[in-house]
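Enquirer: Take this structure, written in structure tokens, and hold onto it; I'll ask about it next.
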Amino acid sequence: MSTTTNTKEFVSLLKSLRAVRQFADKPLPPDAVHDIQDVIRWSGNASNQQAFQVLWIENRVTLKRLSELPGYAKHLAGAAAGAVIVSMLDRDELNAFDEGRISERIGLAALAHGIGSSIGMLTGAGRKEAARLLGLPAAHEVRTTVSLGYPAEGALRGGRRKPLEELVKGVA
Ligand SMILES: Cc1cc2nc3c(=O)[nH]c(=O)nc-3n(C[C@H](O)[C@H](O)[C@H](O)COP(=O)(O)O)c2cc1C
């Protein structure tokens with residue numbers, strides 16, 4: 001395992017990941033897209049089954065149609081790209097965990113390139129409708145999406161957090 005040459009910078013990156021939901025009308029550079037996608041590939045996942053596929057969508061019409069489905073992913077409409085994380089096996093909570101971990105990695109890799117992102121969860125009928133829209137087999141549902149793009153002006157808001165002692169407690 002290599003040690004990071006700039007620990008402070010890395011920790012600061014981890015702490016500065018905020019949800020960005022308004023995006024500039026600017027495409028993502030291919031090298032950044034490749035980095036983000038390869039970070040997905042190297043993400044830890046349950047039993048290393050790699051039981052997921054990520055659909056990478058830059059088509060504006062498809063992004064808009066996904067944004068209109070039931071859920072909390074309206075920001076896909078203005079995104080330069082959307083990553084749709086599809087769990088391929090029937091594994092209950094492991095899928096949710098994998099999807100969470102992958103979406104976090106996407107956000108961090110994007111941030112390293114100055115690109116903003118937000119998770120967007122689909123709910124209810126939106127999950128099946130998204131699968132149908134994306135041409136997935138009938139049994140599939142889509143739960144987790146990530147919107148990506150350069151932040152629009154004013155899109156970066158400071159996150160509020162509880163004090164450290166309230167969230168993390170040392171136990172004797
Ligand atoms: C598991 C999880 C699910 C989330 N789902 C959504 C979502 O469906 N739509 C959305 O706009 N943001 C979503 N978010 C982003 C959170 O709203 C955001 O992280 C939280 O409000 C804190 O803001 P910050 O990340 O900017 O500090 C999700 C975040 C996590 C970790």
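Each chain in the structure tokens gets a letter, A, B and so on, in the order shown; residues start at 1 in every chain, and ligands are counted from 1 in the order they appear.
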Residues at most 10 Å from range 94-98 of chain A, counting only C-alpha atoms, excluding those fewer than 5 positions away in the same chain, as JSON, numbers by chain?
Expert: {"A": [43, 44, 45, 46, 47, 50, 51, 52, 85, 86, 87, 88, 89, 103, 104, 143, 144]}
Enquirer: Put those residues in a file: N, CA and C atoms, as an mmCIF file, in the first residue's frame.
Expert:
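Once written, again.cif looks like this:
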```
data_model
loop_
_atom_site.group_PDB
_atom_site.id
_atom_site.type_symbol
_atom_site.label_atom_id
_atom_site.label_comp_id
_atom_site.auth_asym_id
_atom_site.auth_seq_id
_atom_site.Cartn_x
_atom_site.Cartn_y
_atom_site.Cartn_z
ATOM 1 N N SER A 43 -13.389 0.026 -6.738
ATOM 2 C CA SER A 43 -14.112 0.175 -5.472
ATOM 3 C C SER A 43 -14.237 -1.178 -4.773
ATOM 4 N N GLY A 44 -14.027 -1.171 -3.471
ATOM 5 C CA GLY A 44 -14.303 -2.389 -2.708
ATOM 6 C C GLY A 44 -15.788 -2.705 -2.805
ATOM 7 N N ASN A 45 -16.111 -3.982 -2.784
ATOM 8 C CA ASN A 45 -17.528 -4.371 -2.903
ATOM 9 C C ASN A 45 -17.698 -5.719 -2.217
ATOM 10 N N ALA A 46 -18.931 -6.038 -1.884
ATOM 11 C CA ALA A 46 -19.183 -7.213 -1.037
ATOM 12 C C ALA A 46 -18.649 -8.493 -1.668
ATOM 13 N N SER A 47 -17.780 -9.162 -0.947
ATOM 14 C CA SER A 47 -17.146 -10.433 -1.355
ATOM 15 C C SER A 47 -16.437 -10.332 -2.702
ATOM 16 N N GLN A 50 -18.337 -8.111 -7.450
ATOM 17 C CA GLN A 50 -18.472 -7.137 -8.549
ATOM 18 C C GLN A 50 -19.823 -7.330 -9.252
ATOM 19 N N ALA A 51 -20.842 -7.403 -8.398
ATOM 20 C CA ALA A 51 -22.178 -7.751 -8.873
ATOM 21 C C ALA A 51 -22.972 -6.513 -9.283
ATOM 22 N N PHE A 52 -22.305 -5.604 -9.967
ATOM 23 C CA PHE A 52 -22.986 -4.366 -10.373
ATOM 24 C C PHE A 52 -22.525 -3.971 -11.774
ATOM 25 N N ILE A 85 -26.293 3.146 -11.084
ATOM 26 C CA ILE A 85 -25.668 1.944 -10.520
ATOM 27 C C ILE A 85 -26.718 0.844 -10.450
ATOM 28 N N VAL A 86 -26.454 -0.226 -11.168
ATOM 29 C CA VAL A 86 -27.437 -1.313 -11.256
ATOM 30 C C VAL A 86 -26.874 -2.551 -10.565
ATOM 31 N N SER A 87 -27.560 -3.022 -9.549
ATOM 32 C CA SER A 87 -27.156 -4.268 -8.883
ATOM 33 C C SER A 87 -27.665 -5.445 -9.702
ATOM 34 N N MET A 88 -26.766 -6.393 -9.967
ATOM 35 C CA MET A 88 -27.095 -7.472 -10.903
ATOM 36 C C MET A 88 -27.543 -8.751 -10.205
ATOM 37 N N LEU A 89 -27.307 -8.848 -8.879
ATOM 38 C CA LEU A 89 -27.706 -10.050 -8.154
ATOM 39 C C LEU A 89 -28.762 -9.690 -7.111
ATOM 40 N N SER A 103 -21.232 5.022 -5.130
ATOM 41 C CA SER A 103 -21.623 6.410 -5.390
ATOM 42 C C SER A 103 -20.724 7.382 -4.641
ATOM 43 N N GLU A 104 -20.272 6.991 -3.457
ATOM 44 C CA GLU A 104 -19.333 7.836 -2.712
ATOM 45 C C GLU A 104 -18.000 7.950 -3.465
ATOM 46 N N ARG A 143 -32.142 1.890 -8.340
ATOM 47 C CA ARG A 143 -32.354 2.615 -7.091
ATOM 48 C C ARG A 143 -31.442 3.842 -6.990
ATOM 49 N N THR A 144 -30.179 3.672 -7.392
ATOM 50 C CA THR A 144 -29.175 4.695 -7.084
ATOM 51 C C THR A 144 -28.598 5.321 -8.348
#
```
Enquirer: Taking only C-alpha atoms and all ligand atoms into account, which residues have an atom no farther than 8 Å from ligand 1? I'd like them as a list in words.
Expert: Ser16, Leu17, Arg18, Ala19, Val20, Arg21, Gly71, Tyr72, Ala73, Lys74, His75, Gly100, Glu104, Ser118, Ile119, Gly120, Met121, Leu122, Thr144, Arg157, Gly158, Gly159, Arg160 and Arg161 of chain A
Enquirer: Among range 131-167 of chain A, which residues does DSSP mark as strand (DSSP E) when it is run on the backbone? Keep the chain and numbering as in the structure and answer as a list in words.
Expert: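 Here is the list: Thr144, Thr145, Val146, Ser147, Leu148 and Gly149 of chain A.
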Enquirer: One decimal, Å: what's the distance from CA of Pro29 in chain A over to CA of Leu136 in chain A, could you say?
Expert: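 CA of Pro29 in chain A sits 27.6 Å away from CA of Leu136 in chain A.
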Enquirer: Check the DSSP output for the backbone and give back, as an MDAnalysis selection string, the residues of range 59-170 of chain A in helix (DSSP H, G or I).
Expert: chainID A and resid 60:67 74:78 93:112 125:133 164:167
Enquirer: Taking only C-alpha atoms into account, name the residue in A:Pro137, A:Gly170, A:Gly116, A:Gly107 that is nearest to Ala80 in chain A.
Expert: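 Ranked by minimum distance to Ala80 in chain A, first place goes to A:Gly116.
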Enquirer: Rounded to one decimal, what separation in Å do you get between CA of Ile57 in chain A and CA of Ala125 in chain A?
Expert: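 Between CA of Ile57 in chain A and CA of Ala125 in chain A the gap works out to 20.7 Å.
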Enquirer: Between A:Ala112, A:Val142, A:Val61, A:Leu133, which is the closest to Glu9 in chain A once you count only C-alpha atoms?
Expert: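 Looking only at the distances to Glu9 in chain A, the closest residue turns out to be A:Ala112.
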Enquirer: So how many Å separate CA of Pro151 in chain A and CA of Thr62 in chain A, to one decimal?
Expert: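 Going from CA of Pro151 in chain A over to CA of Thr62 in chain A covers 20.5 Å.
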